[in-house]
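Taking it in order: structure first as structure tokens, then the write-up.
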Amino acid sequence: MATLIHTLSDHSDDVSCCAFSSSCLATCSLDKTIRVYSLSDFAELPYSPLEGHTYAVHCCCFSPSGRLLASCSTDGSSALWDTRDGRRLAVLPQPGASPVRVCRFSPQGPYLLAGAADGSAVLWNVRSMQLYRSGKVKDGSLMACAFSPNGNFFVTGSSSGDLTIWDDKMRCLYNEKAHDLGVTCCDISSHPVSDSENGFKYFQMASCGQDNHIKLWLILFADFSGVQLKYKCTLNGHSAPVLACAFSCDGQMVVSGSVDKCIIICETSTGNTLHTLSQHTRYVTTCAFAPRSPLLATGSMDKTVHIWQLDLKQPCAGGTVENESKVAIEDWSEDDVSAWLCAQDLADFVGLFKMNNIDGKELLNLTKESLANELKIESLGLRSKVLQKIEELRMTMTSVSVPDEFLCPITRELMKDPVIATDGYSYEREAMENWISNRRSSPMTNLPLHSLTLIPNRTLKMAISRWLETQQK
């Protein structure tokens, strides 16, 4: 059952997008603003609305840690905002100044993808605020995008109806004609599904378009075999173009919103319709599930955002903290720490940690002395349990950042036996031998390799060895 529990009516024009973090909901509109609300009571935060775009805002999204909020606009730019105080940190102009239609953060790296009406796709490094890579779809405007869970690949959807898969070097790996009249949205579930034929783990992808359909796909991201995309099924039910689709956090449901003013929630395993919601009075333009609670937000051209409570047997919970910890534990918010405590069976400490403003950075710095003297945890057994869990958390951070030049461009792993190919780039020998066993093009440039000869890069191998020695000290 889905129950309408709150309606937000602050925007003065069409709502174009909504997005959740662990503690907030962001909405944006053709009224040029972004608004941010607390999930605890749906009150607008003191710094909201965020103003600065000079034309309609089309999309907004949170970074994995929730510390950054990105927005993009017809004014030809993307903007980055600090979610703690609402400060605008950067304006990122799209090359060519084309209207930016969609933006998404990589789940594992410091990148923001921005797609524009001229078909351009740009990866921004949000640490340096510099353009990292850029590319362009074959035809049409770029209307949709979604990252793979590991951040190594992403999918774009265009107004020409194509779904295109790219790697993080902005190389086009696969193209599929998916929706005859144009793709409007796509999403990739972070939960893998098994394929009984070959034992691979696939990820579910949903796409929707002007053809009134939602399509489910199985997509395999593999370093050596490349990308496989398998059509799964088509979900029917809408009587007009479908403008938005999104997976629930556990991948068991997909929601869609349409020009027919309806929201449909389907079960992904069977394709069965679970709920049809019809409270909006104009086109439904956006929909999003909350990551850690059974909430759904839907936005419409009727200028409202509806918040729905879903009655789930197993509410969406867990998993997200684990994913975020791989991004940057030190960037966790206090809410992220609270969710982690609950996942570790330490829910009794949530209030204490919140009262002392323990975020990710503070969590990692806790010691047995600070637990006893500052947090006043008297029980030695409880202090030991908390410290043990923190130490386990620290262990997940022991993998230091490897210099990019030491990573094989194919596997994105530290090279053990680097070789130089005739394209001038260095690769892990086994990975490159697998690559050239069935193709004669460069993994980096896609240009033909004049020779398949691989030359050992002893200088690079020695540099990697020296670097490894310094990490062991």
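So you can find residues: chains in the structure tokens are A, B, ... in the order shown, residues in each start at 1, and ligands are numbered from 1 in order.
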
Next on the checklist: as an MDAnalysis selection string, please: the residues near region 91-93 of chain A (cut-off 7 Å, only C-alpha atoms, same-chain neighbours under 5 positions excluded).
Outcome noted: chainID A and resid 76:80

Using only C-alpha atoms, which residues of region 54-85 of chain A come within 12 Å of region 280-292 of chain A, and what is the closest atom pair for each, with the distance in Å to one decimal? Give it as a tab-separated table, sorted by chain and residue number.
residue	atom	partner	partner_atom	distance
A:His58	CA	A:Thr285	CA	10.2
A:Cys59	CA	A:Thr286	CA	9.5
A:Cys60	CA	A:Thr286	CA	10.9
A:Cys61	CA	A:Ala288	CA	10.7
A:Phe62	CA	A:Pro291	CA	11.6
A:Pro64	CA	A:Pro291	CA	10.9
A:Gly66	CA	A:Pro291	CA	11.5

Checklist entry - Which residue out of A:Thr273, A:Asn236, A:Asn125, A:Gln228 has the minimum interatomic distance to Ser258 (chain A) when only C-alpha atoms are used? => result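 The closest residue to Ser258 (chain A) is A:Asn236.
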
Item to check | Residues within 10 Å of Phe42 (chain A), only C-alpha atoms, excluding chain neighbours under 4 positions, as an NGL selection string | outcome: :A and (6-8 or 24-25 or 36-38 or 307)

Let me see the file: selected residues, all heavy atoms, as a PDB file, in the first residue's frame.
ATOM      1  N   HIS A   6       2.496  13.642   2.596  1.00  0.00           N
ATOM      2  CA  HIS A   6       2.859  15.069   2.611  1.00  0.00           C
ATOM      3  C   HIS A   6       2.916  15.594   1.178  1.00  0.00           C
ATOM      4  O   HIS A   6       3.252  14.855   0.245  1.00  0.00           O
ATOM      5  CB  HIS A   6       4.232  15.260   3.269  1.00  0.00           C
ATOM      6  CG  HIS A   6       4.461  16.659   3.766  1.00  0.00           C
ATOM      7  ND1 HIS A   6       4.059  17.088   5.009  1.00  0.00           N
ATOM      8  CD2 HIS A   6       5.041  17.736   3.170  1.00  0.00           C
ATOM      9  CE1 HIS A   6       4.403  18.359   5.173  1.00  0.00           C
ATOM     10  NE2 HIS A   6       4.992  18.769   4.060  1.00  0.00           N
ATOM     11  N   THR A   7       2.589  16.856   1.005  1.00  0.00           N
ATOM     12  CA  THR A   7       2.703  17.524  -0.293  1.00  0.00           C
ATOM     13  C   THR A   7       3.479  18.819  -0.126  1.00  0.00           C
ATOM     14  O   THR A   7       3.179  19.626   0.760  1.00  0.00           O
ATOM     15  CB  THR A   7       1.311  17.821  -0.883  1.00  0.00           C
ATOM     16  OG1 THR A   7       0.629  16.594  -1.131  1.00  0.00           O
ATOM     17  CG2 THR A   7       1.444  18.581  -2.205  1.00  0.00           C
ATOM     18  N   LEU A   8       4.491  18.990  -0.959  1.00  0.00           N
ATOM     19  CA  LEU A   8       5.304  20.212  -0.973  1.00  0.00           C
ATOM     20  C   LEU A   8       4.828  21.081  -2.130  1.00  0.00           C
ATOM     21  O   LEU A   8       4.760  20.615  -3.270  1.00  0.00           O
ATOM     22  CB  LEU A   8       6.784  19.867  -1.145  1.00  0.00           C
ATOM     23  CG  LEU A   8       7.372  18.884  -0.111  1.00  0.00           C
ATOM     24  CD1 LEU A   8       8.784  18.463  -0.516  1.00  0.00           C
ATOM     25  CD2 LEU A   8       7.382  19.516   1.271  1.00  0.00           C
ATOM     26  N   CYS A  24      17.960  14.235   3.528  1.00  0.00           N
ATOM     27  CA  CYS A  24      17.302  15.373   2.864  1.00  0.00           C
ATOM     28  C   CYS A  24      16.611  14.960   1.573  1.00  0.00           C
ATOM     29  O   CYS A  24      16.918  13.919   0.978  1.00  0.00           O
ATOM     30  CB  CYS A  24      18.326  16.469   2.542  1.00  0.00           C
ATOM     31  SG  CYS A  24      19.100  17.229   3.972  1.00  0.00           S
ATOM     32  N   LEU A  25      15.702  15.809   1.142  1.00  0.00           N
ATOM     33  CA  LEU A  25      15.082  15.710  -0.177  1.00  0.00           C
ATOM     34  C   LEU A  25      15.321  17.026  -0.893  1.00  0.00           C
ATOM     35  O   LEU A  25      15.072  18.101  -0.338  1.00  0.00           O
ATOM     36  CB  LEU A  25      13.578  15.462  -0.051  1.00  0.00           C
ATOM     37  CG  LEU A  25      12.756  15.581  -1.346  1.00  0.00           C
ATOM     38  CD1 LEU A  25      13.097  14.453  -2.306  1.00  0.00           C
ATOM     39  CD2 LEU A  25      11.259  15.595  -1.055  1.00  0.00           C
ATOM     40  N   VAL A  36      15.496  22.449  -0.641  1.00  0.00           N
ATOM     41  CA  VAL A  36      16.008  21.320   0.142  1.00  0.00           C
ATOM     42  C   VAL A  36      15.202  21.186   1.432  1.00  0.00           C
ATOM     43  O   VAL A  36      14.999  22.181   2.142  1.00  0.00           O
ATOM     44  CB  VAL A  36      17.510  21.491   0.460  1.00  0.00           C
ATOM     45  CG1 VAL A  36      18.062  20.222   1.112  1.00  0.00           C
ATOM     46  CG2 VAL A  36      18.316  21.821  -0.803  1.00  0.00           C
ATOM     47  N   TYR A  37      14.765  19.957   1.729  1.00  0.00           N
ATOM     48  CA  TYR A  37      13.903  19.685   2.875  1.00  0.00           C
ATOM     49  C   TYR A  37      14.514  18.602   3.763  1.00  0.00           C
ATOM     50  O   TYR A  37      15.198  17.693   3.278  1.00  0.00           O
ATOM     51  CB  TYR A  37      12.521  19.206   2.394  1.00  0.00           C
ATOM     52  CG  TYR A  37      11.814  20.153   1.467  1.00  0.00           C
ATOM     53  CD1 TYR A  37      12.045  20.122   0.089  1.00  0.00           C
ATOM     54  CD2 TYR A  37      10.915  21.095   1.960  1.00  0.00           C
ATOM     55  CE1 TYR A  37      11.395  20.995  -0.775  1.00  0.00           C
ATOM     56  CE2 TYR A  37      10.248  21.970   1.106  1.00  0.00           C
ATOM     57  CZ  TYR A  37      10.490  21.915  -0.257  1.00  0.00           C
ATOM     58  OH  TYR A  37       9.846  22.786  -1.105  1.00  0.00           O
ATOM     59  N   SER A  38      14.227  18.708   5.048  1.00  0.00           N
ATOM     60  CA  SER A  38      14.633  17.673   5.992  1.00  0.00           C
ATOM     61  C   SER A  38      13.654  16.511   5.924  1.00  0.00           C
ATOM     62  O   SER A  38      12.436  16.715   5.867  1.00  0.00           O
ATOM     63  CB  SER A  38      14.669  18.239   7.412  1.00  0.00           C
ATOM     64  OG  SER A  38      14.798  17.197   8.359  1.00  0.00           O
ATOM     65  N   ILE A 307       4.929  13.205  -1.283  1.00  0.00           N
ATOM     66  CA  ILE A 307       5.722  12.236  -0.538  1.00  0.00           C
ATOM     67  C   ILE A 307       4.802  11.085  -0.155  1.00  0.00           C
ATOM     68  O   ILE A 307       3.753  11.294   0.478  1.00  0.00           O
ATOM     69  CB  ILE A 307       6.335  12.843   0.744  1.00  0.00           C
ATOM     70  CG1 ILE A 307       7.004  14.197   0.445  1.00  0.00           C
ATOM     71  CG2 ILE A 307       7.318  11.864   1.377  1.00  0.00           C
ATOM     72  CD1 ILE A 307       8.194  14.115  -0.466  1.00  0.00           C
TER      73      ILE A 307
END
